[in-house]
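Asks: Below are the structure tokens for one structure; questions will follow.
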Amino acid sequence: TPPSTELINKMQKQLSGEAFQLLKEIGETASRIDMPVYLIGGIVRDILLDRPNFDIDIVAEGNGIELANRLMETHGGDVLEHESFGTATWNTPSGLSIDLVSSRLEYYEQPAALPEIETSVLEDDLQRRDFTINAMAIRLNAEAFGELIDPFGGQNDLREKKIKILHNISFVEDPTRIFRAVRFEQRFGFSMDEQTEKLALESIDKVIHLSPQRINEEMIRLFTEGSPQEVIRRLFELNVWQQFGVHEKQLDASVATAEHLEQIYNEQVRKITNLQIAEKPSWFNYFLLPFYCNDSLYAAEKFTLRKNRKKLLEEIMALQRHEQWNEFTQIGDYHLFLHDYSDEAILFTLVADQVPHQGSVMEYLYHRNKLQNYLNGGDLVKAGLKPGPNFSKILLHLEVSQLNGDVSTKEEADQWLEEYVCTL
Ligand code: CTP
């Protein structure tokens, strides 16, 4: 497509004035050394969609490192060379960071290459990408600034809201693309075309070969970008949960529980302002739900990489085994078995286990987060008690009394202790 004023207008709209100017200057600098240069990947897609994107990825048909150094000479800033990849990052004087990638090595081994071959070098780069909508480039050289390179019909798929892979073994080569496809579906309200979805299903068993670290990264992105219910549902449709041992019949329960979890955060957590908890359930809560519904939380352990998540999972597993969720007449009684558990684990279990009398438990959480430390170990020693493991038990019982409203001042706590000592 020849340069179009419409595309240039879109670039101007989505890029900062400064970024737009830099792209023009990159094009001019590259033209001086006869090097074709392009804006490429996600940012091109987003410009066409009228969405902001600040990741400026540039591909040079030539030596990206040389181009970066030229830019530094003419415009300042500094250059970080990644020699073995043939890429460089140019940090501009105004603080932007621009990645310059060299397309295929063969190119600068034969600098006299014909123009047709130049085109094919760029196409080769685009061809290796995930989806048609991500496989477009915009030429930046002065003589053709704003020319869209779209060999796989990406622009048309943007219009038709389609996520389409470029070749049949795309998902086999890189199964993370299945997660990426779902993410783009969610983000843009697009859907995979029939063939792409069929191939995703055919290679779904490959996702278990991805490292837990990789799966975490993809899940974090999915659950922070998309609606958790929709993400859970879609991953069932594509047999992803099933690869992790979750039975497909858990779909409805998992989706419904995700909805309840979101609801309780929206309605309760906001009201009870003192909980030690984020405003929304973390991605990890949602990730655990299908395993929980399937009664196979242990299968989520290998994906639990951080210490704080390991702790949360352990707590939830322990709470799941608890039989004591009856309604107590006094909220202090909840404290006896819940005092060691975090707000987050308790909330998760309340929802996932459909614990009755949730209101009372919420009330307990509210009050326990307001507990005052009236006494400490030193006070117990002063009262003549011998230090030992029973100290924490005594202090726990004091907290129970506070929660039940029997102790609400320092004086009452002192008196409570006096009476306690008398019973010994
Ligand atoms: N890419 C790919 N296969 C992957 C990951 C990335 O082909 N598994 C390609 C895509 O062409 C993508 C580009 O690399 O456009 C850059 O990747 P990334 O920055 O992760 O994706 P974006 O498309 O920019 O998405 P986002 O908007 O989420 O950053």
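For the structure tokens, the naming scheme is as follows: chains receive sequential letters (A, B, ...) according to their order of presentation, residues are indexed from 1 within each chain, and ligands are indexed from 1 in presentation order.
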Could you give me, as a list in words, every polymer residue with an atom at most 6 Å away from an atom of ligand 1, counting only C-alpha atoms and all ligand atoms?
Replies: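 Every residue with an atom at most 6 Å from ligand 1 is listed here: Gly41, Gly42, Arg129, Asp130, Asn134, Ala135, Thr176 and Arg177 of chain A.
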Asks: Please provide as a VMD selection string all residues within 9 Å of Ala137 of chain A, with the sequence filter that same-chain residues fewer than 2 positions apart are discarded (counting only C-alpha atoms).
Replies: chain A and resid 38 to 41 44 to 45 59 122 126 134 to 135 139 147 to 150
Asks: Could you tell me, as a list in words, which residues of segment 100-259 of chain A DSSP assigns to strand (DSSP E) when given the backbone?
Replies: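 DSSP on the backbone gives strand (DSSP E) at Leu100, Val101, Ser102, Ala137, Ile138, Arg139, Glu147, Leu148, Ile149, Lys162, Ile163, Ser191 and Met192 of chain A.
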Asks: What's the 12 Å shell around Arg128 of chain A, counting only C-alpha atoms, without same-chain residues fewer than 4 positions away, as a PyMOL selection string?
Replies: chain A and resi 41+103-104+121-124+132+134-136+152+165-171+173-174
Asks: DSSP on the backbone, then: every residue of segment 96-245 of chain A marked alpha helix (DSSP H), written as JSON, numbers by chain.
Replies: {"A": [105, 106, 107, 108, 109, 115, 116, 117, 118, 119, 120, 121, 122, 123, 124, 125, 126, 127, 154, 155, 156, 157, 158, 159, 160, 170, 171, 172, 173, 176, 177, 178, 179, 180, 181, 182, 183, 184, 185, 186, 187, 188, 194, 195, 196, 197, 198, 199, 200, 201, 202, 212, 213, 214, 215, 216, 217, 218, 219, 220, 221, 222, 223, 224, 225, 228, 229, 230, 231, 232, 233, 234, 235, 236, 237, 240, 241, 242, 243]}
Asks: Give me the residues within 12 Å of segment 406-411 of chain A as a list in words, counting only C-alpha atoms and dropping any in the same chain fewer than 4 places off.
Replies: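 Contacts, with the query itself left out: Gln330, Ile331, Gly332, His367, Lys370, Leu371, Gln372, Asn373, Tyr374, Leu375, Asn376, Asp379, His397, Leu398, Glu399, Val400, Ser401, Gln402, Gln415, Trp416, Leu417 and Glu418 of chain A.
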Asks: Which residues are near Met11 of chain A? Cut-off 9 Å, only C-alpha atoms, ignore same chain within fewer than 6 positions. Put them as a list in words.
Replies: Phe20, Val44, Ile47, Leu48, Asp50 and Gly146 of chain A
